[in-house]
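Peer 1: So I've got this file, coords_20.txt, and it contains compact mmCIF, C-alpha atoms:
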```txt
# COMPACT_ATOMS: atom_id res chain seq x y z
CA MET A 1 27.86 -7.03 13.53
CA THR A 2 26.11 -8.63 10.61
CA ILE A 3 24.34 -5.31 10.22
CA GLU A 4 27.63 -3.46 9.93
CA ALA A 5 28.87 -6.03 7.45
CA ALA A 6 25.70 -5.64 5.46
CA LEU A 7 26.11 -1.89 5.49
CA ARG A 8 29.64 -2.10 4.32
CA ILE A 9 28.55 -3.87 1.17
CA GLY A 10 25.79 -1.34 0.76
CA THR A 11 22.57 -3.14 1.61
CA ALA A 12 19.72 -0.66 1.64
CA VAL A 13 17.65 -0.19 4.79
CA PRO A 14 14.00 -0.43 3.78
CA SER A 15 11.70 2.36 4.89
CA LEU A 16 9.68 1.22 7.87
CA VAL A 17 7.17 3.99 7.23
CA ARG A 18 5.70 1.83 4.53
CA TRP A 19 4.97 -0.77 7.18
CA GLY A 20 2.99 1.58 9.34
CA VAL A 21 5.78 2.98 11.49
CA THR A 22 5.83 6.72 12.22
CA PRO A 23 8.50 8.83 10.50
CA ASP A 24 10.11 9.53 13.90
CA ALA A 25 10.46 5.85 14.65
CA ASP A 26 11.80 5.22 11.17
CA LEU A 27 14.45 7.91 11.63
CA VAL A 28 15.47 6.52 15.01
CA TYR A 29 15.61 3.02 13.55
CA ARG A 30 17.84 4.19 10.70
CA THR A 31 20.13 5.90 13.12
CA LEU A 32 20.45 2.76 15.23
CA VAL A 33 21.05 0.55 12.20
CA THR A 34 23.55 2.88 10.62
CA PHE A 35 25.51 4.11 13.62
CA GLY A 36 25.03 1.27 16.08
CA PRO A 37 23.55 1.20 19.59
CA HIS A 38 22.68 4.52 21.23
CA THR A 39 21.25 5.71 24.52
CA ARG A 40 17.99 7.62 24.25
CA ARG A 41 19.78 10.76 25.35
CA ARG A 42 22.35 10.55 22.60
CA LEU A 43 19.63 9.86 20.06
CA GLY A 44 17.86 13.00 21.16
CA VAL A 45 21.00 15.10 20.89
CA GLU A 46 22.10 13.73 17.54
CA LEU A 47 18.68 13.94 15.94
CA SER A 48 17.72 17.21 17.67
CA MET A 49 14.55 15.45 18.67
CA PRO A 50 12.72 16.24 21.91
CA ALA A 51 13.00 13.48 24.53
CA ARG A 52 9.27 12.85 24.41
CA ARG A 53 9.41 12.07 20.70
CA VAL A 54 12.51 9.92 21.09
CA ASP A 55 10.76 7.93 23.80
CA ALA A 56 7.63 7.51 21.73
CA ALA A 57 9.69 6.39 18.75
CA LEU A 58 11.68 3.89 20.83
CA ALA A 59 8.54 2.52 22.45
CA GLU A 60 7.04 2.06 19.03
CA LEU A 61 10.12 0.26 17.71
CA ARG A 62 10.25 -1.95 20.77
CA GLU A 63 6.60 -2.83 20.49
CA ALA A 64 7.12 -3.72 16.84
CA GLY A 65 10.18 -5.82 17.65
CA SER A 66 12.41 -3.52 15.60
CA ALA A 67 14.61 -2.47 18.49
CA THR A 68 15.73 -3.89 21.83
CA VAL A 69 17.01 -2.24 24.96
CA ASP A 70 19.74 -3.43 27.30
CA GLY A 71 20.10 -1.23 30.35
CA ASP A 72 19.77 2.16 28.72
CA VAL A 73 21.36 1.23 25.40
CA TRP A 74 19.10 0.70 22.43
CA SER A 75 19.98 -1.39 19.41
CA ALA A 76 18.15 -2.15 16.20
CA SER A 77 17.19 -5.56 14.89
CA THR A 78 18.37 -6.36 11.38
CA PRO A 79 16.29 -4.77 8.62
CA ALA A 80 15.05 -8.20 7.55
CA ALA A 81 13.93 -9.06 11.08
CA ALA A 82 12.35 -5.64 11.56
CA VAL A 83 10.33 -5.89 8.37
CA ALA A 84 9.31 -9.46 9.16
CA GLY A 85 8.14 -8.32 12.59
CA LEU A 86 6.22 -5.39 11.15
CA ARG A 87 4.60 -7.62 8.58
CA ARG A 88 3.51 -10.04 11.30
CA ARG A 89 2.18 -7.14 13.33
CA ARG A 90 0.17 -5.99 10.37
CA LEU A 91 -1.28 -9.44 9.81
CA ARG A 92 -2.62 -9.39 13.34
CA LEU A 93 -4.95 -6.68 12.19
CA LEU A 94 -6.72 -9.16 10.02
CA ASP A 95 -8.39 -10.23 13.21
CA PRO A 96 -11.62 -8.21 13.06
CA SER A 97 -12.34 -8.75 16.74
CA ALA A 98 -9.60 -6.24 17.60
CA VAL A 99 -11.55 -3.53 15.80
CA ALA A 100 -14.77 -4.75 17.40
CA VAL A 101 -13.24 -4.38 20.85
CA SER A 102 -11.99 -0.92 20.03
CA HIS A 103 -15.36 0.01 18.51
CA ARG A 104 -17.09 -0.90 21.77
CA LEU A 105 -14.54 1.07 23.77
CA VAL A 106 -15.23 4.15 21.68
CA VAL A 107 -19.00 3.80 21.92
CA ASP A 108 -18.90 3.03 25.64
CA GLY A 109 -16.55 5.95 26.13
CA LEU A 110 -18.99 8.25 24.37
CA ARG A 111 -21.86 6.94 26.48
CA ALA A 112 -19.90 7.49 29.65
CA ARG A 113 -18.61 10.93 28.74
CA LEU A 114 -21.88 12.18 27.43
CA GLY A 115 -23.71 10.36 30.23
CA ALA A 116 -27.05 12.06 30.23
CA LEU A 117 -27.70 11.96 26.55
CA ALA A 118 -29.15 8.76 25.26
CA LEU A 119 -27.04 6.83 22.84
CA PRO A 120 -29.40 3.90 22.68
CA VAL A 121 -28.35 0.36 21.95
CA PRO A 122 -30.21 -0.27 18.72
CA ALA A 123 -32.71 -3.08 18.86
CA PHE A 124 -35.17 -2.23 16.13
CA GLY A 125 -35.07 -0.04 13.05
CA GLY A 126 -36.19 3.53 12.70
CA GLN A 127 -35.87 6.82 14.48
CA LEU A 128 -34.83 6.10 18.06
CA THR A 129 -34.56 9.70 19.20
CA ASP A 130 -34.59 12.86 17.15
CA GLN A 131 -30.82 12.58 16.82
CA VAL A 132 -30.33 8.84 16.50
CA ARG A 133 -31.67 6.62 13.78
CA TYR A 134 -31.09 2.92 13.37
CA LEU A 135 -30.72 1.57 9.85
CA PRO A 136 -31.17 -2.15 10.45
CA THR A 137 -29.93 -3.58 7.13
CA ARG A 138 -27.22 -2.89 4.61
CA GLU A 139 -29.85 -2.10 2.01
CA LEU A 140 -31.54 0.52 4.18
CA THR A 141 -28.15 1.96 5.02
CA ARG A 142 -27.35 2.29 1.35
CA LEU A 143 -30.64 4.03 0.60
CA ARG A 144 -30.19 6.40 3.51
CA TYR A 145 -26.60 7.09 2.60
CA ALA A 146 -27.63 7.98 -0.95
CA GLU A 147 -29.95 10.58 0.58
CA LEU A 148 -27.42 11.84 3.06
CA LEU A 149 -24.52 12.38 0.72
CA ARG A 150 -26.29 14.78 -1.60
CA GLY A 151 -24.70 18.22 -1.56
CA ARG A 152 -22.12 17.30 1.09
CA ARG A 153 -18.85 19.19 1.07
CA GLU A 154 -16.74 16.87 3.16
CA THR A 155 -16.62 13.23 4.18
CA LEU A 156 -14.33 11.74 6.79
CA THR A 157 -14.07 7.97 6.68
CA ILE A 158 -12.27 5.39 8.76
CA ASN A 159 -12.02 1.96 7.17
CA PRO A 160 -10.81 -0.94 9.28
CA GLU A 161 -11.22 -3.35 6.37
CA GLN A 162 -8.18 -4.52 4.45
CA ALA A 163 -10.31 -5.53 1.50
CA PHE A 164 -13.87 -5.08 0.35
CA ASP A 165 -16.20 -7.69 -1.07
CA ALA A 166 -17.34 -7.24 -4.66
CA GLU A 167 -20.80 -5.95 -3.82
CA SER A 168 -19.43 -3.40 -1.36
CA ALA A 169 -16.87 -2.25 -3.87
CA ARG A 170 -19.51 -1.80 -6.57
CA THR A 171 -21.92 0.21 -4.43
CA GLY A 172 -19.08 2.15 -2.90
CA ALA A 173 -17.79 3.03 -6.34
CA ALA A 174 -21.14 4.43 -7.42
CA PHE A 175 -21.39 6.56 -4.28
CA ASP A 176 -17.82 7.71 -4.61
CA GLN A 177 -18.35 8.77 -8.18
CA GLN A 178 -21.33 10.81 -7.08
CA LEU A 179 -19.23 12.41 -4.35
CA ILE A 180 -16.47 13.18 -6.81
CA ALA A 181 -19.00 14.65 -9.25
CA GLN A 182 -20.30 17.03 -6.62
CA ALA A 183 -16.73 17.93 -5.60
CA THR A 184 -16.96 16.59 -2.08
CA ARG A 185 -13.61 16.52 -0.31
CA MET A 186 -12.93 13.03 1.00
CA ARG A 187 -10.47 12.02 3.61
CA VAL A 188 -10.06 8.31 4.13
CA LEU A 189 -8.09 6.73 6.92
CA GLY A 190 -7.54 3.05 6.28
CA VAL A 191 -5.46 0.05 7.13
CA PRO A 192 -2.48 -0.62 4.90
CA PRO A 193 -3.08 -3.56 2.58
CA ALA A 194 -1.70 -6.86 3.83
CA ASP A 195 0.47 -7.38 0.80
CA ARG A 196 1.52 -4.08 -0.61
CA ASP A 197 3.12 -4.46 -3.99
CA ALA A 198 5.86 -1.91 -4.45
CA PHE A 199 4.70 -0.90 -7.90
CA SER A 200 1.06 -1.77 -7.71
CA PRO A 201 -1.11 0.52 -9.83
CA GLN A 202 -3.82 -0.04 -7.26
CA GLU A 203 -2.07 2.39 -5.02
CA ALA A 204 -2.76 5.22 -7.39
CA HIS A 205 -5.98 6.78 -6.19
CA HIS A 206 -8.26 9.47 -7.44
CA PRO A 207 -7.08 12.98 -6.56
CA ALA A 208 -10.42 13.75 -4.88
CA TYR A 209 -9.28 11.53 -2.02
CA GLN A 210 -6.77 12.22 0.64
CA VAL A 211 -5.67 8.94 2.06
CA ARG A 212 -3.76 8.03 5.17
CA GLU A 213 -2.95 4.74 6.72
CA SER A 214 -2.72 3.57 10.27
CA LEU A 215 -2.24 0.20 11.87
CA ALA A 216 -4.53 1.02 14.75
CA VAL A 217 -7.83 2.37 13.49
CA PRO A 218 -10.47 2.63 16.21
CA LEU A 219 -13.69 1.80 14.39
CA LYS A 220 -15.62 1.96 11.16
CA LEU A 221 -16.81 5.53 10.85
CA ILE A 222 -18.29 7.85 8.27
CA LEU A 223 -18.76 11.54 9.02
CA LEU A 224 -20.64 13.81 6.65
CA ASP A 225 -19.92 17.52 6.98
CA ARG A 226 -19.22 16.90 10.66
CA SER A 227 -22.94 16.92 11.23
CA VAL A 228 -23.95 13.30 10.69
CA ALA A 229 -22.04 10.19 11.76
CA LEU A 230 -22.59 6.63 10.62
CA VAL A 231 -21.16 3.73 12.62
CA PRO A 232 -21.94 0.03 12.38
CA ALA A 233 -24.61 -1.14 14.80
CA ASP A 234 -22.56 -4.22 15.48
CA PRO A 235 -18.90 -4.12 14.46
CA GLU A 236 -18.81 -7.87 14.03
CA ARG A 237 -22.00 -8.23 12.02
CA ILE A 238 -22.20 -5.74 9.23
CA GLU A 239 -25.57 -7.14 8.13
CA ARG A 240 -27.08 -5.56 11.23
CA GLY A 241 -26.73 -2.20 9.56
CA TYR A 242 -25.65 1.19 10.80
CA VAL A 243 -26.54 3.75 13.42
CA GLU A 244 -26.91 7.30 12.20
CA VAL A 245 -26.15 9.92 14.81
CA SER A 246 -26.64 13.65 14.43
CA HIS A 247 -26.22 14.64 18.06
CA PRO A 248 -23.71 17.52 17.87
CA GLN A 249 -21.61 16.44 20.87
CA VAL A 250 -21.32 12.86 19.71
CA VAL A 251 -20.49 13.92 16.17
CA ARG A 252 -17.90 16.38 17.44
CA ALA A 253 -16.30 13.72 19.63
CA LEU A 254 -16.14 11.35 16.66
CA ALA A 255 -14.68 14.08 14.44
CA ASP A 256 -12.01 14.72 17.08
CA LEU A 257 -11.28 11.03 17.16
CA PHE A 258 -10.92 11.03 13.39
CA GLU A 259 -8.56 14.01 13.46
CA LYS A 260 -6.44 12.45 16.18
CA HIS A 261 -5.99 9.22 14.23
CA TRP A 262 -5.58 11.13 10.96
CA SER A 263 -2.73 13.17 12.39
CA GLU A 264 -1.01 9.98 13.51
CA GLY A 265 -1.63 8.15 10.24
CA SER A 266 0.96 7.99 7.55
CA ASP A 267 0.63 9.09 3.98
CA PRO A 268 1.03 5.97 1.84
CA ASN A 269 2.63 8.07 -0.86
CA VAL A 270 5.42 9.17 1.42
CA GLY A 271 8.09 6.54 1.76
CA ALA A 272 6.20 4.34 -0.63
CA VAL A 273 6.76 4.44 -4.32
CA GLU A 274 5.27 7.60 -5.73
CA PRO A 275 2.53 7.30 -8.28
CA ILE A 276 4.23 7.75 -11.56
CA ARG A 277 2.96 8.88 -14.90
CA LEU A 278 4.90 8.42 -18.10
CA THR A 279 5.40 11.37 -20.41
CA PRO A 280 4.25 10.78 -24.00
CA GLN A 281 7.87 10.45 -25.06
CA GLU A 282 8.64 7.94 -22.32
CA GLN A 283 5.53 6.03 -23.22
CA ALA A 284 6.57 5.93 -26.89
CA VAL A 285 10.04 4.61 -26.03
CA VAL A 286 8.68 2.05 -23.61
CA ASP A 287 6.08 0.84 -26.10
CA LEU A 288 8.69 0.28 -28.79
CA LEU A 289 11.05 -1.52 -26.43
CA ALA A 290 8.13 -3.66 -25.30
CA LEU A 291 7.65 -4.64 -28.94
CA GLY A 292 11.19 -5.93 -28.95
CA HIS A 293 12.92 -2.94 -30.52
CA THR A 294 16.52 -2.17 -29.64
CA ASP A 295 17.64 1.27 -28.51
CA THR A 296 18.87 1.93 -32.04
CA THR A 297 15.70 0.95 -33.86
CA THR A 298 13.61 2.76 -31.24
CA ALA A 299 15.66 5.90 -31.85
CA ALA A 300 15.20 5.57 -35.60
CA ARG A 301 11.44 5.17 -35.28
CA LEU A 302 11.10 8.20 -33.04
CA ARG A 303 13.61 10.25 -35.04
CA ILE A 304 15.74 10.92 -32.03
CA SER A 305 19.29 9.88 -31.26
CA ALA A 306 20.13 6.62 -29.54
CA ARG A 307 21.67 8.73 -26.83
CA SER A 308 18.31 10.42 -26.24
CA VAL A 309 16.70 7.01 -25.85
CA THR A 310 19.29 6.10 -23.25
CA ASN A 311 18.76 9.40 -21.43
CA ILE A 312 14.98 9.08 -21.45
CA LEU A 313 15.24 5.62 -19.97
CA ARG A 314 17.87 6.69 -17.48
CA ARG A 315 15.60 9.43 -16.16
CA LEU A 316 12.66 7.05 -15.97
CA MET A 317 14.79 4.49 -14.14
CA ASP A 318 15.87 7.16 -11.66
CA ARG A 319 12.28 8.13 -11.02
CA LEU A 320 11.33 4.52 -10.40
CA GLY A 321 14.43 3.89 -8.34
CA VAL A 322 15.65 0.98 -10.44
CA GLU A 323 19.07 0.27 -11.86
CA ASN A 324 18.67 -1.91 -14.88
CA ARG A 325 16.39 -2.68 -17.79
CA PHE A 326 15.08 -5.85 -16.22
CA GLN A 327 13.95 -3.96 -13.14
CA LEU A 328 12.49 -1.22 -15.29
CA GLY A 329 10.44 -3.79 -17.19
CA LEU A 330 9.33 -5.44 -13.97
CA ALA A 331 8.23 -2.13 -12.51
CA LEU A 332 6.38 -0.95 -15.59
CA GLY A 333 4.80 -4.35 -16.08
CA ALA A 334 3.51 -4.40 -12.52
CA MET A 335 2.13 -0.90 -13.08
CA SER A 336 0.54 -2.16 -16.27
CA ALA A 337 2.22 0.76 -18.02
CA ALA A 338 3.23 -1.35 -20.97
CA THR A 339 2.70 -4.88 -22.20
CA PRO A 340 4.62 -6.87 -24.72
CA PRO A 341 1.68 -7.03 -27.17
CA HIS A 342 2.26 -10.56 -28.37
CA LEU A 343 1.77 -11.75 -24.80
CA LEU A 344 -1.80 -10.60 -24.90
CA GLY A 345 -3.99 -13.50 -25.80
CA ALA A 346 -1.09 -15.92 -25.79
CA ALA A 347 -2.75 -17.89 -23.06
CA SER A 348 -2.32 -21.18 -24.91
CA ASP A 349 1.33 -21.76 -24.11
CA GLN A 350 0.95 -21.39 -20.40
CA ASP A 351 2.85 -23.58 -18.02
CA LYS A 352 4.65 -25.27 -20.83
CA ALA A 353 7.79 -25.83 -18.89
CA SER A 354 6.60 -26.16 -15.34
CA MET B 1 -17.61 -1.53 4.60
CA TRP B 2 -18.24 0.24 1.36
CA LEU B 3 -17.94 3.94 1.65
CA SER B 4 -15.39 6.29 0.17
CA ALA B 5 -12.70 3.74 0.00
CA VAL B 6 -12.90 1.88 -3.22
CA GLY B 7 -11.02 4.63 -5.02
CA TYR B 8 -8.00 3.62 -3.17
CA ILE B 9 -8.40 -0.09 -3.23
CA GLY B 10 -8.22 -0.01 -6.95
CA LEU B 11 -11.03 1.26 -9.08
CA TRP B 12 -8.77 3.82 -10.62
CA GLY B 13 -5.73 2.58 -12.40
CA ALA B 14 -6.54 -1.09 -12.08
CA SER B 15 -6.67 -2.96 -15.32
CA SER B 16 -7.83 -6.32 -16.45
CA MET B 17 -4.59 -6.82 -18.30
CA GLU B 18 -3.32 -9.50 -16.00
CA GLU B 19 -6.42 -11.55 -16.66
CA THR B 20 -5.60 -11.78 -20.33
CA MET B 21 -1.99 -12.73 -19.81
CA PRO B 22 -0.63 -16.26 -19.94
CA ARG B 23 0.22 -17.77 -16.60
CA ILE B 24 3.57 -19.31 -16.00
CA THR B 25 4.88 -21.02 -12.94
CA LEU B 26 8.42 -20.31 -11.87
CA SER B 27 10.58 -23.04 -10.41
CA PRO B 28 12.01 -22.25 -6.97
CA ARG B 29 15.40 -21.52 -8.51
CA GLU B 30 13.90 -19.25 -11.16
CA ARG B 31 12.00 -17.43 -8.48
CA GLU B 32 15.18 -16.87 -6.46
CA LEU B 33 16.99 -15.65 -9.54
CA VAL B 34 14.17 -13.27 -10.48
CA ALA B 35 14.15 -11.98 -6.92
CA LEU B 36 17.88 -11.26 -7.01
CA LEU B 37 17.80 -9.61 -10.42
CA SER B 38 14.81 -7.54 -9.48
CA ARG B 39 16.78 -6.17 -6.55
CA GLY B 40 19.40 -4.92 -8.96
CA HIS B 41 21.94 -7.72 -8.71
CA THR B 42 23.99 -8.49 -11.78
CA ASP B 43 24.08 -11.97 -13.32
CA GLN B 44 27.48 -12.50 -11.73
CA GLU B 45 26.31 -11.57 -8.26
CA ALA B 46 23.18 -13.66 -8.64
CA ALA B 47 25.27 -16.66 -9.70
CA VAL B 48 27.49 -16.29 -6.61
CA ARG B 49 24.48 -15.91 -4.33
CA LEU B 50 22.77 -18.98 -5.76
CA GLY B 51 25.95 -21.02 -5.87
CA ILE B 52 25.60 -21.70 -9.57
CA SER B 53 27.68 -20.74 -12.59
CA PRO B 54 27.00 -17.55 -14.60
CA ARG B 55 26.29 -19.84 -17.53
CA THR B 56 23.49 -21.50 -15.63
CA VAL B 57 22.09 -18.07 -14.81
CA THR B 58 22.10 -17.20 -18.50
CA ALA B 59 20.42 -20.50 -19.32
CA LEU B 60 17.71 -19.97 -16.70
CA ILE B 61 16.97 -16.51 -18.07
CA ARG B 62 17.01 -17.79 -21.64
CA GLY B 63 14.52 -20.47 -20.60
CA LEU B 64 12.21 -17.89 -19.02
CA MET B 65 12.44 -15.64 -22.07
CA ASP B 66 11.59 -18.54 -24.35
CA ARG B 67 8.60 -19.56 -22.28
CA LEU B 68 7.31 -16.02 -22.29
CA GLY B 69 8.19 -15.48 -25.93
CA VAL B 70 10.33 -12.39 -25.35
CA ASP B 71 13.69 -11.33 -26.71
CA ASN B 72 15.32 -9.12 -24.13
CA ARG B 73 15.64 -8.35 -20.44
CA PHE B 74 13.34 -5.38 -20.56
CA GLN B 75 10.56 -7.46 -22.09
CA LEU B 76 11.21 -10.25 -19.62
CA GLY B 77 10.86 -7.82 -16.73
CA LEU B 78 7.75 -6.38 -18.28
CA ALA B 79 6.13 -9.78 -18.74
CA LEU B 80 6.97 -10.91 -15.21
CA GLY B 81 5.78 -7.59 -13.85
CA VAL B 82 2.44 -7.83 -15.61
CA LEU B 83 2.09 -11.39 -14.37
CA ARG B 84 2.98 -10.26 -10.86
CA LYS B 85 5.84 -12.69 -10.73
CA GLY B 86 8.12 -10.13 -9.23
CA PRO B 87 9.12 -10.73 -5.63
CA ALA B 88 7.44 -9.18 -2.64
CA ASP B 89 8.92 -5.78 -2.02
CA ASP B 90 11.00 -6.63 0.98
CA ASP B 91 12.21 -10.16 0.94
```
Spell out the structure here as structure tokens.
Peer 2:
Amino acid sequence: MTIEAALRIGTAVPSLVRWGVTPDADLVYRTLVTFGPHTRRRLGVELSMPARRVDAALAELREAGSATVDGDVWSASTPAAAVAGLRRRRLRLLDPSAVAVSHRLVVDGLRARLGALALPVPAFGGQLTDQVRYLPTRELTRLRYAELLRGRRETLTINPEQAFDAESARTGAAFDQQLIAQATRMRVLGVPPADRDAFSPQEAHHPAYQVRESLAVPLKLILLDRSVALVPADPERIERGYVEVSHPQVVRALADLFEKHWSEGSDPNVGAVEPIRLTPQEQAVVDLLALGHTDTTTAARLRISARSVTNILRRLMDRLGVENRFQLGLALGAMSAATPPHLLGAASDQDKAS
Amino acid sequence: MWLSAVGYIGLWGASSMEETMPRITLSPRERELVALLSRGHTDQEAAVRLGISPRTVTALIRGLMDRLGVDNRFQLGLALGVLRKGPADDD
């Protein structure tokens, strides 16, 4: 009932997609929040969604604690509770042992399925078979990777890490720039960041990447042109290096695994705040306002009418989904799109009043 | 660990701006107020929610603007945004 009360005064329902929920589950959740408890049958009819998809969506919501079932009637938890639950669920991923377990399942599964072919447990460095090579340190992996990536047309990457250490980020950046320079297409499936900032500029990524996010990534994986795969030798100890596999069946199985998870991943730019770029005119207006100009003096400077200034800002506010100047400032500030210049270097008066 | 991912964790578009900005600490009440305003509430609504008078709201905002050396709401938002003092996106 509190939900209905909240709706009556117009509280927005946050998009659960941003928290790693599938669009189907998000739609079902919205329906339950907005129109109250439903049976799965009625959900299917009203949303014209096949029963299988309704069931999957409901199972997902239940698992995430976003919906409960009583008999055959489903109801939604409050948006606040749902988001809190999803956030907690995401934090569980910080536990790297979950990925380690899943990594072993994948590798064991490959061994079992492809029984006869040797997928040796790496013990020492070097060429283990003609299709498996063990790169026993990070340094050797880096050197080998530099060799491998030359002339590649496609990379498929799964990243279970929520953050990268500085050294990794530096080396990775150099490799990535090389890949971009040679026009390699890159698809990266990663874990959503633990603390996504709605307007963070960090979410803008280079157009050479296609990025998707999933809460359940199976293992660390790099595939080059679907002919070479790199996986950590030991998912819990990255310093033990990587195993390079070029066995066609293994690589194909890993590529299938990637595609399966990719198709289930969500696009962080859908449902999240879209990357936004200011037009030169918007930038000019914003810069002047940031300097402390009023609408009138801004208009005078730019030789446009005050009404144009208002309209430019109105459009920008619509694009950012904000309603007032304070929110607009907050959003642009977080995007580092503009800075009140006198704040730069004003570090001396910090914490004056706290 | 390091491959084809840094682009999206922030090499492009990240700036060192926040490092050069002054740091301020918000009091719990200021933080609540900023959170409400950043969700689009008016001063009036924020006052009701916080159980304080609209005058106190104005005073709190004035205090923040003075500490940050800004003159209007847009600049205040901008400064807080750059300093990442905005609220988390869902709470």
Peer 1: Determine the nearest neighbour of chain B from the options A:Thr279, A:Thr34, A:Thr22, A:Thr155, counting all atoms listed in the file.
Peer 2: A:Thr155
Peer 1: Can you measure atom CA of Leu230 of chain A to atom CA of Asp267 of chain A for me? One decimal in Å is fine.
Peer 2: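 Spanning atom CA of Leu230 of chain A to atom CA of Asp267 of chain A is a straight-line distance of 24.3 Å.
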Peer 1: Just the number, please: distance in Å from atom CA of Glu46 of chain A to atom CA of Ser15 of chain A, one decimal.
Peer 2: 19.9 Å
Peer 1: If we count all atoms listed in the file, what is near Leu313 of chain A at a cut-off of 9 Å, once residues fewer than 6 positions away on the same chain are taken out, given as a PyMOL selection string?
Peer 2: chain A and resi 282+285-286+325+328
Peer 1: Dump C-alpha atoms for the selected residues as a PDB file, in the coordinates of the input?
Peer 2:
```pdb
ATOM      1  CA  GLU A 282       8.640   7.940 -22.320  1.00  0.00           C
ATOM      2  CA  VAL A 285      10.040   4.610 -26.030  1.00  0.00           C
ATOM      3  CA  VAL A 286       8.680   2.050 -23.610  1.00  0.00           C
ATOM      4  CA  ARG A 325      16.390  -2.680 -17.790  1.00  0.00           C
ATOM      5  CA  LEU A 328      12.490  -1.220 -15.290  1.00  0.00           C
TER       6      LEU A 328
END
```
Peer 1: May I have the residues within 9 Å of Arg301 of chain A as an NGL selection string, using all atoms listed in the file and disregarding those fewer than 4 positions away in the same chain?
Peer 2: :A and (288 or 296-297)
Peer 1: Would you mind listing what lies within 9 Å of segment 43-45 of chain A as a PDB file with C-alpha atoms, in the coordinates of the input, with all atoms listed in the file counted and same-chain residues fewer than 3 positions away left out?
Peer 2:
```pdb
ATOM      1  CA  VAL A  28      15.470   6.520  15.010  1.00  0.00           C
ATOM      2  CA  THR A  31      20.130   5.900  13.120  1.00  0.00           C
ATOM      3  CA  LEU A  32      20.450   2.760  15.230  1.00  0.00           C
ATOM      4  CA  HIS A  38      22.680   4.520  21.230  1.00  0.00           C
ATOM      5  CA  THR A  39      21.250   5.710  24.520  1.00  0.00           C
ATOM      6  CA  ARG A  40      17.990   7.620  24.250  1.00  0.00           C
ATOM      7  CA  SER A  48      17.720  17.210  17.670  1.00  0.00           C
ATOM      8  CA  MET A  49      14.550  15.450  18.670  1.00  0.00           C
ATOM      9  CA  PRO A  50      12.720  16.240  21.910  1.00  0.00           C
ATOM     10  CA  ALA A  51      13.000  13.480  24.530  1.00  0.00           C
ATOM     11  CA  ARG A  53       9.410  12.070  20.700  1.00  0.00           C
ATOM     12  CA  VAL A  54      12.510   9.920  21.090  1.00  0.00           C
TER      13      VAL A  54
END
```
Peer 1: Select, counting all atoms listed in the file, all protein, DNA and RNA residues no farther than 12 Å from (26.0, -13.7, -12.7) in file coordinates, and express the selection as a list in words.
Peer 2: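 I get Leu33, Leu36, Leu37, Gly40, His41, Thr42, Asp43, Gln44, Glu45, Ala46, Ala47, Val48, Arg49, Leu50, Gly51, Ile52, Ser53, Pro54, Arg55, Thr56, Val57, Thr58, Ala59, Leu60 and Ile61 of chain B for the residues within 12 Å of that point.
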Peer 1: Got a sec: who's within 9 Å of Ser38 of chain B, counting all atoms listed in the file, leaving out chain neighbours fewer than 5 positions off, as a PDB file with C-alpha atoms, in the coordinates of the input?
Peer 2:
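Printed below is part_7.pdb as written:
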```
ATOM      1  CA  VAL A 322      15.650   0.980 -10.440  1.00  0.00           C
ATOM      2  CA  ASN A 324      18.670  -1.910 -14.880  1.00  0.00           C
ATOM      3  CA  PHE A 326      15.080  -5.850 -16.220  1.00  0.00           C
ATOM      4  CA  GLN A 327      13.950  -3.960 -13.140  1.00  0.00           C
ATOM      5  CA  LEU A 328      12.490  -1.220 -15.290  1.00  0.00           C
ATOM      6  CA  LEU A 330       9.330  -5.440 -13.970  1.00  0.00           C
TER       7      LEU A 330
ATOM      8  CA  LEU B  33      16.990 -15.650  -9.540  1.00  0.00           C
ATOM      9  CA  GLY B  77      10.860  -7.820 -16.730  1.00  0.00           C
ATOM     10  CA  GLY B  86       8.120 -10.130  -9.230  1.00  0.00           C
ATOM     11  CA  PRO B  87       9.120 -10.730  -5.630  1.00  0.00           C
TER      12      PRO B  87
END
```
Peer 1: What is the distance between atom CA of Leu257 of chain A and atom CA of Leu215 of chain A, in Å to one decimal?
Peer 2: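 It comes out at 15.1 Å.
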Peer 1: A:Arg62, A:Lys220, A:Arg252, A:Arg144: which is nearest chain B, counting all atoms listed in the file?
Peer 2: A:Lys220
Peer 1: Might I get the box with edges along x, y and z of the file that holds all atoms of segment 67-82 of chain B listed there, padded by 8 Å on every side, given as centre and edge lengths in Å to one decimal, as lines of an AutoDock Vina configuration file?
Peer 2:
```
center_x = 9.0
center_y = -12.5
center_z = -20.3
size_x = 29.2
size_y = 30.2
size_z = 28.9
```
Peer 1: I need every residue sitting at most 7 Å from the point (17.3, -11.8, -22.5) (coordinates as in the file, all atoms listed in the file considered), written as a list of chain:residue names.
Peer 2: B:Ile61, B:Arg62, B:Met65, B:Asp71, B:Asn72, B:Arg73, B:Leu76
Peer 1: When you count all atoms listed in the file, which of these residues is closest to chain B: A:Asp70, A:Glu264, A:Asp55, A:Asp165?
Peer 2: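 Smallest separation from chain B among the options: A:Asp165.
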Peer 1: Need to verify the contact set: His261 of chain A, 10 Å, all atoms listed in the file, exclusion of same-chain residues closer than 3 positions in sequence. Can you return it as an MDAnalysis selection string?
Peer 2: chainID A and resid 158 189 212:214 216:218 255:258 264:266
Peer 1: Between A:Gly241, A:Gly151, A:Gly333, A:Gly65, which residue has the minimum interatomic distance to Ala79 of chain B, considering only C-alpha atoms?
Peer 2: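 Result for the nearest residue to Ala79 of chain B: A:Gly333.
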